[in-house]
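Containing CSV, C-alpha atoms: work32.csv.
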chain,number,residue,atom,x,y,z
A,6,MET,CA,97.1,95.8,91.5
A,7,ASN,CA,97.9,98.0,88.4
A,8,ILE,CA,97.6,101.7,89.1
A,9,SER,CA,97.7,103.5,85.7
A,10,THR,CA,100.3,106.3,85.6
A,11,ALA,CA,98.2,108.0,82.9
A,12,ALA,CA,95.1,107.9,85.1
A,13,VAL,CA,97.0,109.3,88.1
A,14,LYS,CA,98.4,112.2,86.0
A,15,SER,CA,95.0,112.9,84.5
A,16,THR,CA,93.3,112.9,87.8
A,17,ALA,CA,96.0,115.1,89.4
A,18,LYS,CA,95.7,117.7,86.6
A,19,THR,CA,92.0,117.8,87.1
A,20,ALA,CA,92.3,118.0,90.8
A,21,LEU,CA,94.7,121.0,90.6
A,22,LYS,CA,92.2,123.1,88.6
A,23,GLY,CA,91.0,125.9,90.8
A,24,GLY,CA,93.4,125.1,93.6
A,25,TYR,CA,96.8,125.6,92.1
A,26,LEU,CA,97.4,129.0,93.7
A,27,LYS,CA,96.6,127.7,97.2
A,28,ASN,CA,98.8,124.7,96.6
A,29,PHE,CA,101.5,127.0,95.3
A,30,ALA,CA,101.4,129.1,98.5
A,31,ALA,CA,101.7,126.1,100.7
A,32,SER,CA,104.4,124.6,98.5
A,33,ALA,CA,106.4,127.9,98.8
A,34,ILE,CA,106.3,127.7,102.6
A,35,TYR,CA,107.3,124.0,102.6
A,36,VAL,CA,110.2,124.4,100.1
A,37,PHE,CA,111.5,127.5,101.9
A,38,ALA,CA,111.6,125.7,105.3
A,39,PHE,CA,113.4,122.8,103.6
A,40,LEU,CA,116.0,125.1,102.0
A,41,VAL,CA,116.6,126.9,105.3
A,42,CYS,CA,117.4,123.6,107.0
A,43,LEU,CA,119.7,122.6,104.2
A,44,SER,CA,121.5,126.0,104.3
A,45,CYS,CA,121.9,125.7,108.1
A,46,TYR,CA,123.3,122.2,107.5
A,47,GLY,CA,125.8,123.6,105.0
A,48,VAL,CA,126.9,126.3,107.4
A,49,LEU,CA,127.3,124.0,110.4
A,50,SER,CA,129.1,121.5,108.3
A,51,SER,CA,131.8,124.0,107.4
A,52,VAL,CA,132.0,125.6,110.9
A,53,LEU,CA,131.5,122.7,113.4
A,54,GLY,CA,132.1,119.7,111.2
A,55,ILE,CA,130.0,117.1,109.4
A,56,PHE,CA,128.9,115.2,112.6
A,57,ALA,CA,127.4,118.3,114.3
A,58,ALA,CA,125.7,119.2,111.0
A,59,PHE,CA,124.3,115.7,110.7
A,60,ILE,CA,122.9,115.8,114.3
A,61,PHE,CA,121.3,119.2,113.4
A,62,LEU,CA,119.7,117.7,110.3
A,63,ILE,CA,118.2,114.8,112.2
A,64,VAL,CA,116.8,117.1,114.8
A,65,ALA,CA,115.4,119.4,112.1
A,66,LEU,CA,113.8,116.5,110.3
A,67,ILE,CA,112.2,115.1,113.4
A,68,PHE,CA,110.9,118.3,115.0
A,69,LEU,CA,110.2,120.5,111.9
A,70,ILE,CA,110.3,118.9,108.5
A,71,ILE,CA,108.3,115.7,109.1
A,72,PRO,CA,105.5,117.4,111.0
A,73,LEU,CA,105.4,120.1,108.3
A,74,THR,CA,105.4,117.3,105.6
A,75,LEU,CA,102.5,115.6,107.2
A,76,GLY,CA,100.7,119.0,107.4
A,77,PHE,CA,101.4,119.7,103.8
A,78,ILE,CA,100.1,116.3,102.7
A,79,TYR,CA,97.0,116.9,105.0
A,80,PHE,CA,96.4,120.2,103.3
A,81,THR,CA,97.0,118.8,99.8
A,82,VAL,CA,94.6,115.8,100.3
A,83,ARG,CA,91.8,118.1,101.5
A,84,LEU,CA,92.4,120.7,98.8
A,85,ILE,CA,92.3,118.3,95.8
A,86,PHE,CA,89.4,116.3,97.1
A,87,THR,CA,87.2,118.9,98.8
A,88,LYS,CA,88.6,122.3,97.6
A,89,ALA,CA,87.5,123.8,101.0
A,90,THR,CA,90.8,124.5,102.7
A,91,GLU,CA,93.5,127.1,103.1
A,92,PRO,CA,97.3,127.0,103.1
A,93,VAL,CA,97.4,127.6,106.9
A,94,LEU,CA,96.1,124.1,107.3
A,95,MET,CA,99.5,122.8,106.6
A,96,PHE,CA,100.5,123.8,110.1
A,97,LYS,CA,98.0,121.4,111.6
A,98,TYR,CA,100.6,119.3,113.3
A,99,PHE,CA,102.0,122.4,115.0
A,100,SER,CA,98.6,123.6,116.1
A,101,ASN,CA,98.2,121.5,119.2
A,102,SER,CA,100.2,119.1,121.4
A,103,LYS,CA,98.2,116.0,120.5
A,104,ASP,CA,98.9,116.3,116.7
A,105,TYR,CA,102.5,117.4,117.2
A,106,ILE,CA,103.2,114.4,119.5
A,107,ARG,CA,101.5,112.1,116.9
A,108,SER,CA,103.8,113.4,114.2
A,109,LEU,CA,106.8,112.8,116.5
A,110,ARG,CA,105.7,109.3,117.2
A,111,PHE,CA,105.8,108.8,113.4
A,112,ALA,CA,109.1,110.6,112.8
A,113,PHE,CA,111.1,108.7,115.4
A,114,PRO,CA,110.5,105.1,114.1
A,115,LEU,CA,110.6,106.2,110.4
A,116,LEU,CA,114.0,107.9,110.8
A,117,GLY,CA,115.2,105.1,113.1
A,118,ASN,CA,114.5,102.6,110.3
A,119,ALA,CA,116.3,104.9,107.8
A,120,ILE,CA,119.4,105.4,109.9
A,121,PHE,CA,119.7,101.7,110.9
A,122,SER,CA,119.2,100.5,107.3
A,123,GLY,CA,121.6,103.2,106.0
A,124,PHE,CA,124.3,102.3,108.5
A,125,LEU,CA,124.2,98.6,107.4
A,126,LEU,CA,124.1,99.5,103.7
A,127,PHE,CA,126.9,102.1,103.9
A,128,LEU,CA,129.1,100.0,106.1
A,129,PRO,CA,131.1,98.4,103.2
A,130,ALA,CA,131.8,101.9,101.8
A,131,PHE,CA,132.9,103.1,105.2
A,132,ALA,CA,135.2,100.1,105.6
A,133,VAL,CA,136.8,100.9,102.2
A,134,ASP,CA,137.2,104.5,103.3
A,135,LEU,CA,139.1,103.4,106.3
A,136,ILE,CA,141.5,101.4,104.1
A,137,ALA,CA,141.7,104.2,101.5
A,138,ASN,CA,142.6,106.9,103.9
A,139,GLY,CA,145.3,104.7,105.6
A,140,THR,CA,143.6,104.5,109.0
A,141,VAL,CA,143.8,100.7,109.0
A,142,PHE,CA,147.5,100.7,108.1
A,143,LYS,CA,148.3,103.3,110.7
A,144,LEU,CA,146.7,101.2,113.4
A,145,PHE,CA,149.1,98.4,112.7
A,146,SER,CA,152.0,100.9,112.0
A,147,ALA,CA,152.3,99.5,108.5
A,148,GLU,CA,153.3,101.3,105.4
A,149,ILE,CA,150.5,102.5,103.2
A,150,PRO,CA,150.6,100.7,99.8
A,151,LEU,CA,150.3,102.7,96.6
A,152,TRP,CA,147.3,100.8,95.4
A,153,VAL,CA,145.2,102.2,98.3
A,154,SER,CA,144.6,105.5,96.4
A,155,SER,CA,142.5,103.6,93.8
A,156,LEU,CA,140.0,102.5,96.4
A,157,TRP,CA,138.4,105.9,96.5
A,158,SER,CA,136.6,105.2,93.2
A,159,ILE,CA,135.3,101.9,94.6
A,160,SER,CA,134.1,103.7,97.8
A,161,ALA,CA,132.2,106.2,95.6
A,162,VAL,CA,130.5,103.4,93.7
A,163,LEU,CA,129.6,101.6,96.9
A,164,LYS,CA,128.1,104.8,98.3
A,165,VAL,CA,125.9,105.3,95.2
A,166,LEU,CA,124.7,101.7,95.3
A,167,ALA,CA,124.0,102.0,99.1
A,168,GLY,CA,122.0,105.2,98.5
A,169,LEU,CA,119.9,103.5,95.8
A,170,CYS,CA,119.3,100.5,98.0
A,171,LEU,CA,118.3,102.7,100.9
A,172,ILE,CA,115.7,104.4,98.7
A,173,VAL,CA,114.3,101.0,97.7
A,174,VAL,CA,114.3,99.8,101.3
A,175,MET,CA,112.5,102.9,102.6
A,176,LEU,CA,109.9,102.8,99.7
A,177,LYS,CA,107.9,100.4,101.7
A,178,TYR,CA,106.9,103.3,103.9
A,179,TYR,CA,106.0,105.7,101.1
A,180,LEU,CA,102.3,105.4,101.8
A,181,ALA,CA,102.6,105.9,105.6
A,182,PRO,CA,102.4,109.7,105.6
A,183,PHE,CA,99.3,109.6,103.5
A,184,LEU,CA,97.6,106.9,105.6
A,185,LEU,CA,98.4,108.8,108.7
A,186,VAL,CA,96.7,112.0,107.5
A,187,ALA,CA,93.8,110.3,105.7
A,188,ASP,CA,92.7,108.5,108.9
A,189,GLU,CA,93.2,110.7,111.9
A,190,ASN,CA,92.4,107.9,114.2
A,191,MET,CA,95.2,105.7,112.9
A,192,ASP,CA,98.3,105.4,115.0
A,193,PRO,CA,101.8,105.9,113.4
A,194,LEU,CA,103.0,102.3,113.8
A,195,PRO,CA,99.9,100.7,112.2
A,196,ALA,CA,100.2,103.3,109.4
A,197,MET,CA,103.7,102.2,108.7
A,198,HIS,CA,102.6,98.5,108.9
A,199,MET,CA,99.8,99.1,106.5
A,200,SER,CA,102.1,100.9,104.2
A,201,LYS,CA,104.4,97.9,104.1
A,202,ILE,CA,101.5,95.6,103.2
A,203,ILE,CA,100.0,97.9,100.5
A,204,SER,CA,103.3,99.0,99.0
A,205,SER,CA,104.4,95.4,98.5
A,206,VAL,CA,102.1,95.4,95.4
A,207,THR,CA,101.9,99.1,94.6
A,208,LYS,CA,105.6,100.1,94.9
A,209,ARG,CA,106.4,99.2,91.3
A,210,ASP,CA,103.5,101.5,90.1
A,211,PHE,CA,104.9,104.3,92.3
A,212,ILE,CA,108.4,103.9,90.9
A,213,TRP,CA,107.0,104.0,87.3
A,214,LEU,CA,105.1,107.2,88.3
A,215,VAL,CA,108.3,108.8,89.6
A,216,LEU,CA,110.3,107.7,86.5
A,217,SER,CA,107.5,109.2,84.2
A,218,VAL,CA,108.1,112.7,85.7
A,219,PHE,CA,111.8,112.4,85.8
A,220,PRO,CA,112.2,114.7,82.7
A,221,LEU,CA,110.2,117.3,84.6
A,222,ILE,CA,112.4,116.8,87.7
A,223,SER,CA,115.5,117.2,85.5
A,224,ALA,CA,114.0,120.4,84.1
A,225,CYS,CA,113.6,121.7,87.7
A,226,ILE,CA,117.3,121.4,88.1
A,227,PHE,CA,118.3,123.3,85.0
A,228,LEU,CA,115.3,125.3,83.7
A,229,ILE,CA,112.2,125.6,85.8
A,230,PRO,CA,112.2,126.7,89.5
A,231,ASP,CA,110.9,123.6,91.4
A,232,ILE,CA,108.4,125.8,93.3
A,233,PHE,CA,106.2,126.0,90.2
A,234,VAL,CA,105.9,122.3,89.7
A,235,PHE,CA,106.0,121.1,93.3
A,236,PRO,CA,102.2,121.4,93.6
A,237,TYR,CA,101.9,119.0,90.7
A,238,PHE,CA,104.3,116.5,92.3
A,239,ALA,CA,102.4,116.7,95.7
A,240,THR,CA,99.1,116.2,93.9
A,241,LEU,CA,100.5,113.2,92.0
A,242,TYR,CA,101.6,111.6,95.2
A,243,CYS,CA,98.3,112.1,97.0
A,244,VAL,CA,96.2,110.8,94.0
A,245,HIS,CA,98.4,107.8,93.6
A,246,CYS,CA,98.1,107.0,97.3
A,247,ARG,CA,94.4,107.3,97.1
A,248,PHE,CA,94.2,104.9,94.1
A,249,ALA,CA,96.5,102.5,95.9
A,250,VAL,CA,94.4,102.4,99.1
A,251,ALA,CA,91.2,102.1,97.1
A,252,SER,CA,92.6,99.2,95.1
A,253,TYR,CA,93.7,97.5,98.3
A,254,ASN,CA,90.3,98.0,99.9
A,255,LYS,CA,88.7,96.3,96.9
A,256,SER,CA,91.1,93.4,96.9
A,257,VAL,CA,91.0,92.6,100.6
A,258,ASP,CA,87.3,92.2,101.7
A,259,ASN,CA,88.1,90.2,104.8
A,260,ILE,CA,89.9,93.1,106.6
A,261,SER,CA,87.9,95.3,108.9
A,262,GLN,CA,87.1,98.7,107.6
A,263,LYS,CA,88.4,100.2,110.9
A,264,SER,CA,91.9,99.2,109.9
A,265,ILE,CA,91.7,100.7,106.4
A,266,PRO,CA,91.8,104.5,105.8
A,267,SER,CA,88.4,105.9,104.6
A,268,PHE,CA,88.1,108.9,102.3
A,269,GLU,CA,84.6,109.7,103.5
A,270,VAL,CA,86.1,112.1,106.0
A,271,ILE,CA,87.8,114.2,103.3
Could you quickly redo this structure as structure tokens?
Amino acid sequence: MNISTAAVKSTAKTALKGGYLKNFAASAIYVFAFLVCLSCYGVLSSVLGIFAAFIFLIVALIFLIIPLTLGFIYFTVRLIFTKATEPVLMFKYFSNSKDYIRSLRFAFPLLGNAIFSGFLLFLPAFAVDLIANGTVFKLFSAEIPLWVSSLWSISAVLKVLAGLCLIVVMLKYYLAPFLLVADENMDPLPAMHMSKIISSVTKRDFIWLVLSVFPLISACIFLIPDIFVFPYFATLYCVHCRFAVASYNKSVDNISQKSIPSFEVI
């Protein structure tokens, strides 16, 4: 598959016409909720410690952010492909117990994979930290060598590499949220499985898409408030995912249509 970045951007800009204000309103709600969670994390980190703050962040991601993310994608997909929707639709996965439980059934395995993979990838950095802060030497009642202080830079490099590797590992699930909201009859685990299959050939195109908007992402940090360009980013993601699924449907004609998301419902 070869999903053109230019085609995705052109389609996204066209799709946003007439629906930007609605997408902006939904984006504002989503970004505000995310910032509130990050602010609470920062406060808890300074008051109760990093472990308590981390637990809070995991709970917030599972029970608030991920259901809200699915709702935001659900709203965006229907806005850009049908125009007949309102920002309140982003609360779909809070509107009834069935949808909310479905979002939780997606959140738990997704975060479980991320935490397990992250633990393995960051383990070397944590081991270096234990040596750098003298914990290992204290256990054996040994004197801490002078060269130990130089290990902090190595730990920082290992953490950066581990973070990048974790992003690459979790990219195999980047299509899963889209698949889950595009086909409301699809269960979370099959959506994650289908994402792994499709992303194996579309992941590179998605990475190129992200890199192509990196200057705009950088501008959000220094110049432009991210709330103004977030609708564009969300639309790019949905359009790319639609192209990816459509390309996969064309290339695999021996798979039942029941197992492939259909856009006829949108």
Which protein, DNA or RNA residues are at most 12 Å from (109.0, 107.9, 114.6) in the file's coordinates when you count all atoms listed in the file, listed as a VMD selection string? chain A and resid 63 66 to 68 71 to 72 105 to 120 178 181 to 182 192 to 197
Of the candidates A:Leu43, A:Leu62, A:Ala11, A:Leu84, which one gets nearest to Ala239 of chain A if we count only C-alpha atoms?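 Once distances to Ala239 of chain A are computed over only C-alpha atoms, the minimum belongs to A:Leu84.
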Extract, using only C-alpha atoms, all DNA, RNA and protein residues at most 8 Å from segment 210-212 of chain A, discarding same-chain residues fewer than 5 positions from it, and format them as a compact mmCIF listing (two decimals) with C-alpha atoms, in the frame of the given file.
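This is the output file result-v7.txt:
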# COMPACT_ATOMS: atom_id res chain seq x y z
CA ASN A 7 97.90 98.00 88.40
CA ILE A 8 97.60 101.70 89.10
CA SER A 9 97.70 103.50 85.70
CA THR A 10 100.30 106.30 85.60
CA HIS A 245 98.40 107.80 93.60
Out of A:Ile203, A:Val13, A:Val215, A:Leu185, which residue has the shortest atom-to-atom distance to Ile78 of chain A when counting only C-alpha atoms? A:Leu185
Taking 2 positions as the minimum chain separation for residues in the same chain, which residues sit within 10 Å of Ala17 of chain A when counting all atoms listed in the file? Answer as a VMD selection string. chain A and resid 11 to 15 19 to 22 85 236 to 245
Selection export as a PDB file, in the frame of the given file, atoms kept: C-alpha atoms:
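Just written: again-v7.pdb:
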ATOM      1  CA  ALA A  11      98.200 108.000  82.900  1.00  0.00           C
ATOM      2  CA  ALA A  12      95.100 107.900  85.100  1.00  0.00           C
ATOM      3  CA  VAL A  13      97.000 109.300  88.100  1.00  0.00           C
ATOM      4  CA  LYS A  14      98.400 112.200  86.000  1.00  0.00           C
ATOM      5  CA  SER A  15      95.000 112.900  84.500  1.00  0.00           C
ATOM      6  CA  THR A  19      92.000 117.800  87.100  1.00  0.00           C
ATOM      7  CA  ALA A  20      92.300 118.000  90.800  1.00  0.00           C
ATOM      8  CA  LEU A  21      94.700 121.000  90.600  1.00  0.00           C
ATOM      9  CA  LYS A  22      92.200 123.100  88.600  1.00  0.00           C
ATOM     10  CA  ILE A  85      92.300 118.300  95.800  1.00  0.00           C
ATOM     11  CA  PRO A 236     102.200 121.400  93.600  1.00  0.00           C
ATOM     12  CA  TYR A 237     101.900 119.000  90.700  1.00  0.00           C
ATOM     13  CA  PHE A 238     104.300 116.500  92.300  1.00  0.00           C
ATOM     14  CA  ALA A 239     102.400 116.700  95.700  1.00  0.00           C
ATOM     15  CA  THR A 240      99.100 116.200  93.900  1.00  0.00           C
ATOM     16  CA  LEU A 241     100.500 113.200  92.000  1.00  0.00           C
ATOM     17  CA  TYR A 242     101.600 111.600  95.200  1.00  0.00           C
ATOM     18  CA  CYS A 243      98.300 112.100  97.000  1.00  0.00           C
ATOM     19  CA  VAL A 244      96.200 110.800  94.000  1.00  0.00           C
ATOM     20  CA  HIS A 245      98.400 107.800  93.600  1.00  0.00           C
TER      21      HIS A 245
END
Of the listed residues A:Phe248, A:Tyr35, A:Phe59, A:Tyr179, that which approaches Met199 of chain A most closely, counting all atoms listed in the file: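 Residue with the minimum atom-to-atom distance to Met199 of chain A: A:Tyr179.
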Near Ala30 of chain A, counting all atoms listed in the file, which residues have an atom at most 10 Å away, once you skip same-chain residues fewer than 6 positions from it, shown as a VMD selection string? chain A and resid 91 to 93 232 236
